[in-house]
Structure formats: C-alpha cells, structure tokens
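Heads up, protein-v2.csv below (CSV, C-alpha atoms):
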chain,number,residue,atom,x,y,z
A,92,MET,CA,-5.6,-15.8,-26.6
A,93,MET,CA,-5.1,-12.0,-26.0
A,94,LYS,CA,-8.6,-11.5,-24.8
A,95,SER,CA,-8.4,-14.4,-22.4
A,96,ALA,CA,-5.1,-13.2,-21.0
A,97,ILE,CA,-6.3,-9.6,-20.5
A,98,GLY,CA,-9.6,-11.0,-19.0
A,99,ALA,CA,-7.7,-13.0,-16.4
A,100,MET,CA,-5.6,-10.1,-15.5
A,101,ALA,CA,-8.7,-7.9,-15.1
A,102,LEU,CA,-10.3,-10.4,-12.7
A,103,LEU,CA,-7.1,-10.6,-10.6
A,104,ALA,CA,-7.0,-6.8,-10.6
A,105,VAL,CA,-10.3,-6.8,-8.8
A,106,ALA,CA,-9.1,-9.3,-6.2
A,107,ALA,CA,-5.6,-7.8,-5.6
A,108,PRO,CA,-4.9,-7.6,-1.9
A,109,ALA,CA,-2.9,-4.4,-2.1
A,110,SER,CA,-4.0,-1.1,-3.6
A,111,ALA,CA,-1.9,0.4,-6.4
A,112,GLU,CA,-2.6,3.3,-8.7
A,113,VAL,CA,-2.3,4.2,-12.4
A,114,VAL,CA,-0.6,7.6,-11.9
A,115,GLN,CA,-0.2,8.5,-15.6
A,116,SER,CA,-1.6,7.3,-19.0
A,117,SER,CA,-2.0,8.4,-22.6
A,118,ALA,CA,-2.8,6.7,-25.8
A,119,THR,CA,0.7,5.1,-25.9
A,120,HIS,CA,1.9,4.8,-22.3
A,121,PHE,CA,0.9,4.2,-18.7
A,122,VAL,CA,2.6,4.3,-15.3
A,123,THR,CA,1.5,2.2,-12.3
A,124,ARG,CA,2.9,2.8,-8.8
A,125,ASP,CA,2.4,1.0,-5.5
A,126,SER,CA,4.1,1.1,-2.1
A,127,VAL,CA,4.1,-0.8,1.2
A,128,THR,CA,6.0,-0.9,4.4
A,129,VAL,CA,7.2,-4.2,5.7
A,130,LYS,CA,8.6,-5.3,9.0
A,131,ALA,CA,11.8,-6.9,7.6
A,132,PRO,CA,15.0,-4.7,7.5
A,133,PRO,CA,16.3,-3.7,4.0
A,134,LYS,CA,18.8,-6.7,3.7
A,135,ALA,CA,16.1,-9.3,4.4
A,136,ALA,CA,13.7,-7.5,2.1
A,137,TRP,CA,16.3,-7.4,-0.7
A,138,LEU,CA,17.1,-11.1,-0.4
A,139,ALA,CA,13.4,-11.9,-0.6
A,140,LEU,CA,12.9,-9.6,-3.6
A,141,ILE,CA,15.6,-11.3,-5.7
A,142,THR,CA,14.0,-14.7,-5.0
A,143,PRO,CA,10.7,-14.3,-6.8
A,144,GLY,CA,10.1,-18.0,-6.8
A,145,ASP,CA,9.2,-17.7,-3.1
A,146,TRP,CA,6.5,-15.1,-3.4
A,147,TRP,CA,5.4,-14.5,-7.1
A,148,ALA,CA,1.9,-15.8,-7.9
A,149,ASP,CA,1.8,-19.1,-9.7
A,150,ASP,CA,-1.1,-17.8,-11.9
A,151,HIS,CA,1.3,-15.2,-13.4
A,152,THR,CA,3.9,-17.6,-14.8
A,153,TRP,CA,4.0,-19.4,-18.1
A,154,SER,CA,4.9,-22.7,-16.4
A,155,GLY,CA,2.2,-22.5,-13.8
A,156,LYS,CA,4.7,-22.6,-10.9
A,157,ALA,CA,6.6,-19.6,-9.5
A,158,ALA,CA,9.3,-22.0,-8.3
A,159,ASN,CA,10.5,-22.0,-11.9
A,160,LEU,CA,11.4,-18.3,-11.8
A,161,MET,CA,15.0,-17.1,-11.4
A,162,LEU,CA,16.5,-13.7,-11.1
A,163,SER,CA,20.2,-12.6,-11.5
A,164,PRO,CA,20.5,-9.3,-9.6
A,165,GLN,CA,23.3,-7.8,-11.7
A,166,GLY,CA,23.5,-5.6,-14.8
A,167,GLY,CA,22.5,-7.7,-17.8
A,168,GLY,CA,21.0,-10.3,-15.5
A,169,CYS,CA,17.9,-12.2,-16.4
A,170,PHE,CA,14.5,-12.4,-14.8
A,171,CYS,CA,13.7,-15.7,-16.5
A,172,GLU,CA,11.5,-18.8,-16.1
A,173,ARG,CA,12.2,-22.4,-16.8
A,174,ILE,CA,9.4,-24.2,-18.6
A,175,PRO,CA,9.8,-27.9,-17.6
A,176,GLU,CA,9.5,-30.7,-20.2
A,177,LYS,CA,6.3,-32.7,-20.3
A,178,ASP,CA,7.0,-36.3,-20.9
A,179,SER,CA,4.3,-38.6,-22.4
A,180,ALA,CA,4.0,-42.4,-22.5
A,181,SER,CA,5.5,-42.4,-26.0
A,182,GLU,CA,8.2,-39.8,-25.9
A,183,VAL,CA,10.4,-37.6,-23.7
A,184,GLY,CA,9.4,-33.9,-23.7
A,185,LEU,CA,11.5,-30.9,-24.3
A,186,ALA,CA,12.1,-28.1,-21.8
A,187,GLY,CA,11.6,-24.4,-22.6
A,188,SER,CA,12.2,-21.1,-21.1
A,189,ALA,CA,10.9,-17.5,-21.0
A,190,HIS,CA,12.7,-14.2,-20.6
A,191,HIS,CA,10.6,-11.8,-18.7
A,192,MET,CA,12.9,-8.8,-18.0
A,193,THR,CA,16.6,-7.8,-18.1
A,194,VAL,CA,18.2,-6.2,-15.1
A,195,VAL,CA,19.7,-2.8,-15.8
A,196,MET,CA,20.5,-1.8,-12.3
A,197,ALA,CA,20.9,-3.6,-9.0
A,198,GLU,CA,22.1,-1.8,-5.9
A,199,PRO,CA,21.5,-4.1,-3.0
A,200,MET,CA,19.0,-3.0,-0.4
A,201,LYS,CA,18.3,0.1,-2.5
A,202,VAL,CA,17.2,-0.2,-6.1
A,203,LEU,CA,16.3,-3.0,-8.6
A,204,ARG,CA,15.5,-1.8,-12.1
A,205,MET,CA,14.5,-4.1,-15.0
A,206,ARG,CA,13.3,-3.7,-18.6
A,207,GLY,CA,10.7,-5.8,-20.4
A,208,GLY,CA,7.1,-6.4,-21.0
A,209,LEU,CA,5.4,-8.7,-18.4
A,210,GLY,CA,2.6,-11.1,-19.2
A,211,PRO,CA,0.6,-10.3,-22.3
A,212,LEU,CA,2.7,-7.2,-22.9
A,213,GLN,CA,5.4,-9.6,-24.0
A,214,SER,CA,3.6,-10.0,-27.3
A,215,GLU,CA,3.4,-6.3,-28.0
A,216,PRO,CA,6.1,-3.9,-29.4
A,217,VAL,CA,6.3,-2.0,-26.1
A,218,ASP,CA,9.0,-1.3,-23.6
A,219,GLY,CA,8.5,-1.5,-19.9
A,220,VAL,CA,10.8,-0.3,-17.0
A,221,LEU,CA,10.1,-1.7,-13.6
A,222,THR,CA,11.8,0.1,-10.8
A,223,ILE,CA,11.7,-1.2,-7.2
A,224,THR,CA,13.2,1.0,-4.5
A,225,MET,CA,13.8,0.3,-0.8
A,226,GLN,CA,14.4,2.7,2.1
A,227,ALA,CA,14.8,2.0,5.8
A,228,ASP,CA,11.7,3.0,7.7
A,229,LYS,CA,12.8,4.5,11.0
A,230,ALA,CA,9.3,4.6,12.5
A,231,SER,CA,8.8,0.8,12.2
A,232,GLY,CA,12.4,-0.4,11.9
A,233,GLY,CA,11.4,-2.1,8.6
A,234,THR,CA,11.6,-1.2,5.0
A,235,ARG,CA,9.5,1.0,2.7
A,236,ILE,CA,9.2,-0.6,-0.8
A,237,VAL,CA,8.0,1.4,-3.8
A,238,MET,CA,7.2,-0.4,-7.1
A,239,GLU,CA,6.8,1.6,-10.3
A,240,TYR,CA,6.2,0.1,-13.8
A,241,VAL,CA,6.4,2.4,-16.8
A,242,VAL,CA,5.1,1.0,-20.1
A,243,GLY,CA,5.2,2.8,-23.4
A,244,GLY,CA,4.8,2.0,-27.1
A,245,HIS,CA,2.3,0.6,-29.6
A,246,MET,CA,0.0,-2.0,-28.1
A,247,ARG,CA,-3.1,-3.7,-29.4
A,248,TYR,CA,-4.8,-3.3,-26.0
A,249,GLU,CA,-6.9,-0.3,-25.0
A,250,VAL,CA,-4.7,1.6,-22.5
A,251,PRO,CA,-7.5,2.2,-19.9
A,252,THR,CA,-8.1,-1.5,-19.8
A,253,ILE,CA,-4.6,-2.9,-19.8
A,254,SER,CA,-3.3,-0.3,-17.4
A,255,LYS,CA,-5.8,-1.2,-14.8
A,256,ALA,CA,-5.2,-4.9,-15.2
A,257,VAL,CA,-1.4,-4.5,-15.0
A,258,ASP,CA,-1.9,-2.2,-12.0
A,259,GLY,CA,-3.9,-4.8,-10.2
A,260,VAL,CA,-1.4,-7.6,-11.0
A,261,MET,CA,1.6,-5.5,-9.8
A,262,SER,CA,-0.3,-4.7,-6.6
A,263,LEU,CA,-0.9,-8.4,-6.2
A,264,GLN,CA,2.7,-9.3,-6.5
A,265,LEU,CA,3.9,-6.6,-4.1
A,266,GLY,CA,1.2,-7.7,-1.7
A,267,ARG,CA,2.5,-11.2,-1.8
A,268,LEU,CA,6.0,-10.0,-1.1
A,269,ALA,CA,4.7,-7.9,1.8
A,270,ASP,CA,2.8,-10.8,3.3
A,271,LYS,CA,6.0,-12.9,3.2
A,272,LEU,CA,8.0,-10.1,4.9
A,273,GLY,CA,5.3,-9.0,7.3
A,274,ARG,CA,3.2,-5.9,6.7
A,275,VAL,CA,3.4,-2.8,8.8
A,276,ALA,CA,-0.2,-1.6,9.3
A,277,GLU,CA,-1.0,1.8,7.8
A,278,PRO,CA,-2.4,4.5,10.2
A,279,SER,CA,-6.1,4.2,10.6
A,280,THR,CA,-8.3,7.0,9.2
A,281,ALA,CA,-11.6,5.6,10.5
A,282,THR,CA,-14.2,8.1,11.9
A,283,PRO,CA,-14.2,7.9,15.7
A,284,SER,CA,-17.3,6.5,17.4
A,285,LYS,CA,-19.3,8.3,20.1
A,286,ALA,CA,-17.5,6.3,22.8
A,287,ASP,CA,-14.2,7.6,21.5
A,288,PRO,CA,-14.3,11.4,21.2
A,289,LYS,CA,-10.7,11.6,20.0
A,290,PRO,CA,-10.7,12.6,16.3
A,291,ALA,CA,-9.0,10.2,13.9
A,292,ALA,CA,-5.7,11.2,12.6
A,293,LYS,CA,-6.0,13.0,9.3
A,294,ALA,CA,-4.9,11.0,6.3
A,295,PRO,CA,-1.9,12.5,4.5
A,296,ALA,CA,-2.9,14.5,1.5
A,297,LYS,CA,-2.8,12.4,-1.6
A,298,ALA,CA,0.2,13.4,-3.6
A,299,GLU,CA,-0.4,14.8,-7.1
A,300,PRO,CA,0.9,12.5,-9.8
A,301,LEU,CA,4.3,13.5,-10.9
A,302,LYS,CA,4.7,15.1,-14.3
A,303,GLU,CA,6.2,12.8,-16.9
A,304,GLU,CA,9.5,14.5,-16.9
A,305,ASP,CA,9.7,14.4,-13.1
A,306,VAL,CA,9.2,10.7,-12.6
A,307,GLY,CA,12.6,9.6,-13.7
A,308,ALA,CA,14.3,12.5,-11.9
A,309,ALA,CA,12.6,11.6,-8.6
A,310,LEU,CA,13.6,8.0,-8.9
A,311,ASP,CA,17.2,8.9,-9.9
A,312,ALA,CA,17.4,11.1,-6.8
A,313,MET,CA,16.5,8.1,-4.6
A,314,ASP,CA,19.2,6.1,-6.4
A,315,LYS,CA,22.0,8.5,-5.5
A,316,PRO,CA,23.8,8.2,-2.2
A,317,THR,CA,23.4,11.1,0.2
A,318,GLU,CA,26.4,13.4,0.2
A,319,LYS,CA,27.8,14.4,3.5
A,320,PRO,CA,28.4,18.1,3.9
A,321,ASP,CA,32.0,19.3,4.0
A,322,ASP,CA,33.4,19.8,7.5

Could you quickly redo this structure as structure tokens?
Amino acid sequence: MMKSAIGAMALLAVAAPASAEVVQSSATHFVTRDSVTVKAPPKAAWLALITPGDWWADDHTWSGKAANLMLSPQGGGCFCERIPEKDSASEVGLAGSAHHMTVVMAEPMKVLRMRGGLGPLQSEPVDGVLTITMQADKASGGTRIVMEYVVGGHMRYEVPTISKAVDGVMSLQLGRLADKLGRVAEPSTATPSKADPKPAAKAPAKAEPLKEEDVGAALDAMDKPTEKPDD
C-alpha cells in the first residue's frame, strides 16, 4: 500500500502543472515551497482557498471526490473529509471520515496555517505545517499566493523520494487553485529572435534557500501587520 501510494504521488509530481521546489531537506525533514500570482483580489482568493472541494484534485482524496472535503477556517478547525457510505443490495453501508489537518491560524486574506500529514504521510509519525500566505499584488491587481509545507520526524520513506513527490502534489494543488482564480502570466525570459533585437528581460536571480532558523521568522514577519510610523 505504501509503495503504491508513493508511486502514484511520484507520477503526479511529473505531471504537475505548476513548478514548486524542495528548498530544504535532511534525513528527517524537508520543506517544499511554491508561489503563484492570480488575477483575483485577496478576498476572492481567500474564499476560494477555504473551499477546497471546488479545486482540490479528486485523485488526492480518500473518498475519490474533492466535493467531500470541508475546511473550518478558525483556530482548532478541521480540514476534513467525509467518506460516504457504500450501500449494497443486502445491507446499508456506514459512512466514515478522515482528518487531514488542524487549523492553527486563520487570518482572512492573509494567512492560513494548518498542521498534519497529508496523504501517505498520515501513516507516519511525522508532523507537517502547511502555511499559505496571501499578499495583494499591485502590479496585476491580483494576489500573490505562497504555499510552504514543512515536514519533519521519522518516516519509512526515503526523504529524497517522498519530498519530490509531495512537492509535485502541492504544486498540483496550488496550480488548480490558480487555474480557478485566473493565473497572471510570469514575465517571459525567452531569448529574442533576430527579428526582435530587443534583449529579453533578465530573470530575477533565484533566491537562496532560507536557513532553517530563518524560514519561520520570514513567515512570521509576513503575518504581522505593518506598523505605521509615529506622527
């Protein structure tokens, strides 16, 4: 069961429509991070985010249908899934449920943070923290969304394998949310043709992965409201 689960995740990682990155890893932890800019303003983006049944991939649910997902955006709230009963000709089935993550912070239009092991990580003694931040993007009038998933603890999977698979799946989910809200095209970095002598804009330098102790500090800084200077 574990091998089939990780195999399926690996295949989806290859086909993921958005590009994420494993920014940190060790023998006992890994961090994936992905970001995208969408056309929707922060309020619309937030309302879509907390309705995962409308954009989460069916293949990444226990019930086979994302419509069975529910999320309560408040401290202690549940990111859960209903597993419907399956009746047979001889008896009435029984419904079940799955607890994916627990909400530990919900600041509308700004931060959603949850703890828990997603997918096959649920069977391992690991802890995971998924932080999704939103910021208004002045250039597009939309919203910049950053998704970071930090997983640590003992696991029976090889970290280089499971981290890439999880990375691909998280990218897939963020990509589906972005498609629902409308993506803002990233600046092109293609080499200009002879017919167009103008040089392509240089791609921004790739940021160095944050040090382990800096990741939380950077996210916490985004969580805090900007203080106005004294008059």

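Among A:Leu160, A:Ala118, A:Val113, A:Val127, the residue with the shortest atom-to-atom distance to Ala256 (chain A), counting only C-alpha atoms, is A:Val113.
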
Around the point (11.2, -26.3, -20.1), in the coordinates given by the file, pick out the residues reaching within 7 Å, counting only C-alpha atoms, and return them as an mmCIF file with C-alpha atoms, keeping the file's coordinate frame.
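Contents of result_21.cif, freshly written:
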data_model
loop_
_atom_site.group_PDB
_atom_site.id
_atom_site.type_symbol
_atom_site.label_atom_id
_atom_site.label_comp_id
_atom_site.auth_asym_id
_atom_site.auth_seq_id
_atom_site.Cartn_x
_atom_site.Cartn_y
_atom_site.Cartn_z
ATOM 1 C CA ARG A 173 12.200 -22.400 -16.800
ATOM 2 C CA ILE A 174 9.400 -24.200 -18.600
ATOM 3 C CA PRO A 175 9.800 -27.900 -17.600
ATOM 4 C CA GLU A 176 9.500 -30.700 -20.200
ATOM 5 C CA LEU A 185 11.500 -30.900 -24.300
ATOM 6 C CA ALA A 186 12.100 -28.100 -21.800
ATOM 7 C CA GLY A 187 11.600 -24.400 -22.600
ATOM 8 C CA SER A 188 12.200 -21.100 -21.100
#

Inset, instruction - Quick one: pull the distance between CA of Thr142 (chain A) and CA of Gly232 (chain A), Å, one decimal. - result: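 Taking CA of Thr142 (chain A) and CA of Gly232 (chain A), their separation equals 22.2 Å.
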
Leaving out Ala131 (chain A) and any residue of its chain fewer than 6 positions from it, which residues lie within 10 Å of it when counting all atoms listed in the file, given as a tab-separated table (two decimals) with C-alpha atoms, keeping the file's coordinate frame?
chain	number	residue	atom	x	y	z
A	137	TRP	CA	16.30	-7.40	-0.70
A	139	ALA	CA	13.40	-11.90	-0.60
A	227	ALA	CA	14.80	2.00	5.80
A	228	ASP	CA	11.70	3.00	7.70
A	231	SER	CA	8.80	0.80	12.20
A	232	GLY	CA	12.40	-0.40	11.90
A	233	GLY	CA	11.40	-2.10	8.60
A	234	THR	CA	11.60	-1.20	5.00
A	235	ARG	CA	9.50	1.00	2.70
A	269	ALA	CA	4.70	-7.90	1.80
A	271	LYS	CA	6.00	-12.90	3.20
A	272	LEU	CA	8.00	-10.10	4.90
A	273	GLY	CA	5.30	-9.00	7.30
A	274	ARG	CA	3.20	-5.90	6.70
A	275	VAL	CA	3.40	-2.80	8.80

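Proximity to Met205 (chain A) at 10 Å, evaluated using only C-alpha atoms and with sequence-adjacent residues fewer than 5 positions away removed, yields Pro164, Gly166, Gly167, Gly168, Cys169, Phe170, His191, Met192, Thr193, Val194, Val195, Met196, Ala197, Gly219, Val220, Leu221, Thr222, Ile223 and Tyr240 of chain A.
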
Kindly export the residues of the current selection with C-alpha atoms, as a short mmCIF file (atom, residue, chain, number, x, y, z; two decimals), in the coordinates of the input.
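Done, and the output landed in out-v8.cif:
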data_model
loop_
_atom_site.label_atom_id
_atom_site.label_comp_id
_atom_site.auth_asym_id
_atom_site.auth_seq_id
_atom_site.Cartn_x
_atom_site.Cartn_y
_atom_site.Cartn_z
CA PRO A 164 20.50 -9.30 -9.60
CA GLY A 166 23.50 -5.60 -14.80
CA GLY A 167 22.50 -7.70 -17.80
CA GLY A 168 21.00 -10.30 -15.50
CA CYS A 169 17.90 -12.20 -16.40
CA PHE A 170 14.50 -12.40 -14.80
CA HIS A 191 10.60 -11.80 -18.70
CA MET A 192 12.90 -8.80 -18.00
CA THR A 193 16.60 -7.80 -18.10
CA VAL A 194 18.20 -6.20 -15.10
CA VAL A 195 19.70 -2.80 -15.80
CA MET A 196 20.50 -1.80 -12.30
CA ALA A 197 20.90 -3.60 -9.00
CA GLY A 219 8.50 -1.50 -19.90
CA VAL A 220 10.80 -0.30 -17.00
CA LEU A 221 10.10 -1.70 -13.60
CA THR A 222 11.80 0.10 -10.80
CA ILE A 223 11.70 -1.20 -7.20
CA TYR A 240 6.20 0.10 -13.80
#

Inset, instruction - Within 7 Å of Ala157 (chain A), counting all atoms listed in the file, which residues show up once you throw out same-chain ones fewer than 6 positions away? Write them as a ChimeraX atom specification, please. - result: /A:144,147-149

Inset, instruction - For CA of Cys171 (chain A) and CA of Thr224 (chain A), determine how far apart the two atoms are, in Å to one decimal place. - result: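 We find that CA of Cys171 (chain A) and CA of Thr224 (chain A) lie 20.6 Å from each other.
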
Inset, instruction - Would you work out the distance separating CA of Glu198 (chain A) from CA of Pro132 (chain A), expressed in Å to one decimal? - result: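 For CA of Glu198 (chain A) relative to CA of Pro132 (chain A), the distance reads 15.4 Å.
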
Inset, instruction - Find, counting only C-alpha atoms, the residue in A:Gln226, A:Ser154, A:Ser179, A:Gln115 that gets nearest to Val129 (chain A). - result: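 With only C-alpha atoms as the atom set, the closest residue is A:Gln226.
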
Inset, instruction - Between A:Ala230, A:Leu212, A:Met225, A:Met161, single out the one closest to Gly244 (chain A), counting only C-alpha atoms. - result: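 For Gly244 (chain A), the nearest of the candidates is A:Leu212.
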